[in-house]
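Chemist: Here you go, one structure.
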Amino acid sequence: MGDDANDAGEAPLDRLQFSVFGFVSRPSAEVYEAAVDPEQISRYFTTGGAEGRLEPGNAVSWDFADFPRRFRVTPVEAQPGRRVVIEWGAAESTTAEAAASTRVTFTFEPVDDGARTKVTISEDGWFLSQENADAAFGNSMGWTGFLAALKALMEHGIHLREGFYR
């Protein structure tokens, strides 16, 4: 008997990817701006601060005081109010494959006549390995935290991330 994926006519799994989503009760233009503006993102996500706006051609870095490392972020695409695509390096690793960049796509979909925004964050690019699976699962947790912190700040003025990881 063969591999179930191949039996179903699907390509075998060779890369890891995931998506998370949440709804924010603000118009998509406001939510988009909170995700691309370094001053705003520093308030709810990058505990050590962000530098540079998420637009192609800009030098961008994110620092996480609770995960002591500054990450270089490369904006690949920006469609105001709708979509942002970035690439960034995986966490420090022992193999070149594990250290490869991943691609993160943020989409901002207006719902309820524009009163709310569905934010979807998808990340892909990990080769199959236990080390990369651990990194992907960790980033999935991080992006879910991003969404929760974004929602809490934009809707209620609450800073969720402060003291969350330490």
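So you can find residues: chains in the structure tokens are A, B, ... in the order shown, residues in each start at 1, and ligands are numbered from 1 in order.
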Could you list, as a ChimeraX atom specification, every residue within 7 Å of segment 73-79 of chain A, counting only C-alpha atoms and ignoring same-chain residues fewer than 6 positions away?
Modeler: /A:54-56,60-61,85-88
Chemist: Would you mind exporting all heavy atoms of the selected residues as an mmCIF file, in the first residue's frame?
Modeler:
```cif
data_model
loop_
_atom_site.group_PDB
_atom_site.id
_atom_site.type_symbol
_atom_site.label_atom_id
_atom_site.label_comp_id
_atom_site.auth_asym_id
_atom_site.auth_seq_id
_atom_site.Cartn_x
_atom_site.Cartn_y
_atom_site.Cartn_z
ATOM 1 N N LEU A 54 6.917 48.690 7.300
ATOM 2 C CA LEU A 54 6.833 47.503 6.445
ATOM 3 C C LEU A 54 6.395 47.890 5.040
ATOM 4 O O LEU A 54 5.230 47.761 4.657
ATOM 5 C CB LEU A 54 5.871 46.469 7.041
ATOM 6 C CG LEU A 54 6.331 45.774 8.307
ATOM 7 C CD1 LEU A 54 5.287 44.769 8.775
ATOM 8 C CD2 LEU A 54 7.675 45.099 8.116
ATOM 9 N N GLU A 55 7.366 48.381 4.269
ATOM 10 C CA GLU A 55 7.170 48.719 2.861
ATOM 11 C C GLU A 55 8.405 48.279 2.110
ATOM 12 O O GLU A 55 9.519 48.421 2.631
ATOM 13 C CB GLU A 55 6.951 50.223 2.681
ATOM 14 C CG GLU A 55 5.641 50.714 3.249
ATOM 15 C CD GLU A 55 5.470 52.229 3.131
ATOM 16 O OE1 GLU A 55 6.471 52.935 2.869
ATOM 17 O OE2 GLU A 55 4.342 52.696 3.313
ATOM 18 N N PRO A 56 8.250 47.726 0.896
ATOM 19 C CA PRO A 56 9.414 47.279 0.129
ATOM 20 C C PRO A 56 10.469 48.372 0.010
ATOM 21 O O PRO A 56 10.148 49.549 -0.171
ATOM 22 C CB PRO A 56 8.825 46.926 -1.239
ATOM 23 C CG PRO A 56 7.411 46.535 -0.930
ATOM 24 C CD PRO A 56 6.994 47.481 0.184
ATOM 25 N N VAL A 60 14.132 47.205 7.874
ATOM 26 C CA VAL A 60 13.230 46.947 8.988
ATOM 27 C C VAL A 60 13.873 45.937 9.923
ATOM 28 O O VAL A 60 14.494 44.968 9.480
ATOM 29 C CB VAL A 60 11.876 46.397 8.486
ATOM 30 C CG1 VAL A 60 10.953 46.054 9.645
ATOM 31 C CG2 VAL A 60 11.204 47.395 7.545
ATOM 32 N N SER A 61 13.730 46.172 11.227
ATOM 33 C CA SER A 61 14.154 45.169 12.200
ATOM 34 C C SER A 61 13.180 45.177 13.366
ATOM 35 O O SER A 61 12.569 46.193 13.679
ATOM 36 C CB SER A 61 15.581 45.417 12.679
ATOM 37 O OG SER A 61 15.667 46.624 13.389
ATOM 38 N N VAL A 85 3.535 41.415 2.740
ATOM 39 C CA VAL A 85 4.337 40.195 2.683
ATOM 40 C C VAL A 85 5.746 40.555 3.127
ATOM 41 O O VAL A 85 6.321 41.543 2.654
ATOM 42 C CB VAL A 85 4.371 39.592 1.261
ATOM 43 C CG1 VAL A 85 5.230 38.331 1.227
ATOM 44 C CG2 VAL A 85 2.960 39.306 0.758
ATOM 45 N N ILE A 86 6.276 39.753 4.065
ATOM 46 C CA ILE A 86 7.641 39.959 4.549
ATOM 47 C C ILE A 86 8.402 38.636 4.473
ATOM 48 O O ILE A 86 7.803 37.564 4.403
ATOM 49 C CB ILE A 86 7.685 40.476 6.002
ATOM 50 C CG1 ILE A 86 7.118 39.433 6.973
ATOM 51 C CG2 ILE A 86 6.978 41.821 6.127
ATOM 52 C CD1 ILE A 86 7.353 39.743 8.448
ATOM 53 N N GLU A 87 9.716 38.743 4.497
ATOM 54 C CA GLU A 87 10.581 37.588 4.696
ATOM 55 C C GLU A 87 11.450 37.899 5.888
ATOM 56 O O GLU A 87 11.842 39.053 6.101
ATOM 57 C CB GLU A 87 11.420 37.310 3.452
ATOM 58 C CG GLU A 87 10.597 36.812 2.291
ATOM 59 C CD GLU A 87 11.407 36.516 1.041
ATOM 60 O OE1 GLU A 87 12.615 36.867 0.993
ATOM 61 O OE2 GLU A 87 10.834 35.937 0.103
ATOM 62 N N TRP A 88 11.717 36.867 6.685
ATOM 63 C CA TRP A 88 12.604 37.054 7.819
ATOM 64 C C TRP A 88 13.289 35.748 8.128
ATOM 65 O O TRP A 88 12.823 34.673 7.754
ATOM 66 C CB TRP A 88 11.899 37.664 9.012
ATOM 67 C CG TRP A 88 10.875 36.830 9.728
ATOM 68 C CD1 TRP A 88 10.106 35.813 9.240
ATOM 69 C CD2 TRP A 88 10.507 36.983 11.093
ATOM 70 N NE1 TRP A 88 9.273 35.340 10.203
ATOM 71 C CE2 TRP A 88 9.493 36.026 11.362
ATOM 72 C CE3 TRP A 88 10.916 37.822 12.107
ATOM 73 C CZ2 TRP A 88 8.911 35.905 12.610
ATOM 74 C CZ3 TRP A 88 10.317 37.692 13.347
ATOM 75 C CH2 TRP A 88 9.337 36.752 13.584
#
```
Chemist: Report as a PyMOL selection string: the residues of segment 6-161 of chain A with a DSSP assignment of alpha helix (DSSP H), based on the backbone of this structure.
Modeler: chain A and resi 6-7+28-36+38-44+130-156
Chemist: Let me see the file: selected residues, N, CA and C atoms, as a compact mmCIF listing (two decimals), in the first residue's frame.
Modeler:
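Output (again08.txt):
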```
# COMPACT_ATOMS: atom_id res chain seq x y z
N ASN A 6 0.07 10.43 -1.63
CA ASN A 6 0.25 10.10 -3.03
C ASN A 6 -0.94 9.35 -3.58
N ASP A 7 -1.56 8.47 -2.77
CA ASP A 7 -2.75 7.76 -3.20
C ASP A 7 -3.89 8.72 -3.52
N SER A 28 -10.26 48.02 8.16
CA SER A 28 -9.03 47.41 7.68
C SER A 28 -7.88 48.40 7.51
N ALA A 29 -8.16 49.64 7.13
CA ALA A 29 -7.09 50.62 6.98
C ALA A 29 -6.39 50.88 8.32
N GLU A 30 -7.15 50.95 9.41
CA GLU A 30 -6.57 51.16 10.74
C GLU A 30 -5.77 49.94 11.20
N VAL A 31 -6.31 48.75 10.97
CA VAL A 31 -5.63 47.54 11.39
C VAL A 31 -4.34 47.35 10.58
N TYR A 32 -4.42 47.59 9.28
CA TYR A 32 -3.24 47.54 8.42
C TYR A 32 -2.16 48.48 8.95
N GLU A 33 -2.54 49.70 9.24
CA GLU A 33 -1.58 50.70 9.72
C GLU A 33 -0.92 50.25 11.02
N ALA A 34 -1.69 49.63 11.91
CA ALA A 34 -1.13 49.14 13.17
C ALA A 34 -0.11 48.03 12.95
N ALA A 35 -0.23 47.32 11.83
CA ALA A 35 0.69 46.22 11.53
C ALA A 35 1.95 46.68 10.80
N VAL A 36 1.90 47.81 10.11
CA VAL A 36 3.06 48.23 9.31
C VAL A 36 3.85 49.38 9.93
N PRO A 38 6.06 51.14 12.59
CA PRO A 38 6.95 50.65 13.66
C PRO A 38 6.59 51.18 15.05
N GLU A 39 6.08 52.39 15.13
CA GLU A 39 5.69 52.92 16.44
C GLU A 39 4.54 52.13 17.04
N GLN A 40 3.56 51.82 16.20
CA GLN A 40 2.41 51.07 16.69
C GLN A 40 2.77 49.61 17.01
N ILE A 41 3.51 48.96 16.12
CA ILE A 41 3.84 47.56 16.35
C ILE A 41 4.72 47.39 17.59
N SER A 42 5.49 48.43 17.91
CA SER A 42 6.32 48.40 19.13
C SER A 42 5.46 48.44 20.39
N ARG A 43 4.25 48.93 20.28
CA ARG A 43 3.36 49.03 21.45
C ARG A 43 2.74 47.69 21.84
N TYR A 44 2.56 46.78 20.87
CA TYR A 44 1.85 45.54 21.19
C TYR A 44 2.59 44.26 20.83
N GLN A 130 12.83 18.19 12.47
CA GLN A 130 12.27 18.43 13.80
C GLN A 130 12.56 19.85 14.25
N GLU A 131 13.76 20.34 13.97
CA GLU A 131 14.14 21.70 14.35
C GLU A 131 13.22 22.74 13.70
N ASN A 132 12.92 22.53 12.43
CA ASN A 132 12.03 23.46 11.74
C ASN A 132 10.59 23.33 12.20
N ALA A 133 10.16 22.11 12.51
CA ALA A 133 8.82 21.94 13.06
C ALA A 133 8.69 22.69 14.37
N ASP A 134 9.70 22.59 15.23
CA ASP A 134 9.68 23.33 16.49
C ASP A 134 9.61 24.83 16.24
N ALA A 135 10.39 25.33 15.27
CA ALA A 135 10.39 26.76 14.94
C ALA A 135 9.03 27.19 14.39
N ALA A 136 8.45 26.38 13.52
CA ALA A 136 7.15 26.71 12.94
C ALA A 136 6.07 26.75 14.01
N PHE A 137 6.08 25.76 14.90
CA PHE A 137 5.08 25.75 15.98
C PHE A 137 5.27 26.97 16.89
N GLY A 138 6.51 27.32 17.18
CA GLY A 138 6.78 28.50 18.00
C GLY A 138 6.30 29.78 17.33
N ASN A 139 6.54 29.91 16.03
CA ASN A 139 6.08 31.09 15.31
C ASN A 139 4.56 31.14 15.23
N SER A 140 3.93 29.98 15.11
CA SER A 140 2.46 29.93 15.11
C SER A 140 1.93 30.51 16.43
N MET A 141 2.56 30.13 17.53
CA MET A 141 2.18 30.68 18.82
C MET A 141 2.43 32.20 18.84
N GLY A 142 3.56 32.62 18.29
CA GLY A 142 3.89 34.05 18.28
C GLY A 142 2.91 34.87 17.46
N TRP A 143 2.53 34.37 16.29
CA TRP A 143 1.58 35.12 15.45
C TRP A 143 0.19 35.13 16.06
N THR A 144 -0.18 34.07 16.75
CA THR A 144 -1.46 34.07 17.46
C THR A 144 -1.43 35.12 18.57
N GLY A 145 -0.29 35.22 19.26
CA GLY A 145 -0.12 36.26 20.27
C GLY A 145 -0.17 37.65 19.66
N PHE A 146 0.43 37.81 18.48
CA PHE A 146 0.37 39.07 17.74
C PHE A 146 -1.08 39.49 17.55
N LEU A 147 -1.91 38.55 17.04
CA LEU A 147 -3.32 38.86 16.78
C LEU A 147 -4.07 39.22 18.05
N ALA A 148 -3.85 38.46 19.11
CA ALA A 148 -4.54 38.74 20.37
C ALA A 148 -4.12 40.10 20.93
N ALA A 149 -2.81 40.39 20.88
CA ALA A 149 -2.31 41.67 21.40
C ALA A 149 -2.79 42.84 20.56
N LEU A 150 -2.82 42.66 19.25
CA LEU A 150 -3.33 43.69 18.34
C LEU A 150 -4.80 43.99 18.67
N LYS A 151 -5.60 42.96 18.80
CA LYS A 151 -7.02 43.13 19.10
C LYS A 151 -7.22 43.81 20.45
N ALA A 152 -6.52 43.35 21.47
CA ALA A 152 -6.68 43.90 22.82
C ALA A 152 -6.31 45.38 22.84
N LEU A 153 -5.23 45.74 22.14
CA LEU A 153 -4.81 47.15 22.15
C LEU A 153 -5.77 48.01 21.33
N MET A 154 -6.11 47.55 20.13
CA MET A 154 -6.96 48.37 19.25
C MET A 154 -8.39 48.52 19.77
N GLU A 155 -8.91 47.49 20.40
CA GLU A 155 -10.30 47.54 20.85
C GLU A 155 -10.46 48.01 22.29
N HIS A 156 -9.45 47.75 23.14
CA HIS A 156 -9.62 48.01 24.57
C HIS A 156 -8.47 48.78 25.22
```
Chemist: For atom CA of Val119 of chain A and atom CA of Thr107 of chain A, determine how far apart the two atoms are, in Å to one decimal place.
Modeler: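 Between atom CA of Val119 of chain A and atom CA of Thr107 of chain A the gap is 5.6 Å.
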Chemist: List every residue of chain A that DSSP, applied to the backbone, labels as strand (DSSP E or B), and write the result as a PyMOL selection string.
Modeler: chain A and resi 15-24+49-51+60-64+67-79+83-89+101-111+116-127
Chemist: Just checking: using only C-alpha atoms, which residue out of A:Phe64, A:Lys118, A:Ser129, A:Val20 ends up closest to Arg82 of chain A?
Modeler: A:Lys118
Chemist: With distances taken over only C-alpha atoms, which of A:Asp37, A:Glu123, A:Asp14, A:Asp112 is nearest to Gly52 of chain A?
Modeler: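 Ranking A:Asp37, A:Glu123, A:Asp14, A:Asp112 by distance to Gly52 of chain A, first place goes to A:Asp37.
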Chemist: Can you pull out the residues contacting Asp124 of chain A? Cut-off 6 Å, using only C-alpha atoms, and skip same-chain residues under 2 positions away; I want them as a VMD selection string.
Modeler: chain A and resid 17 102 to 103
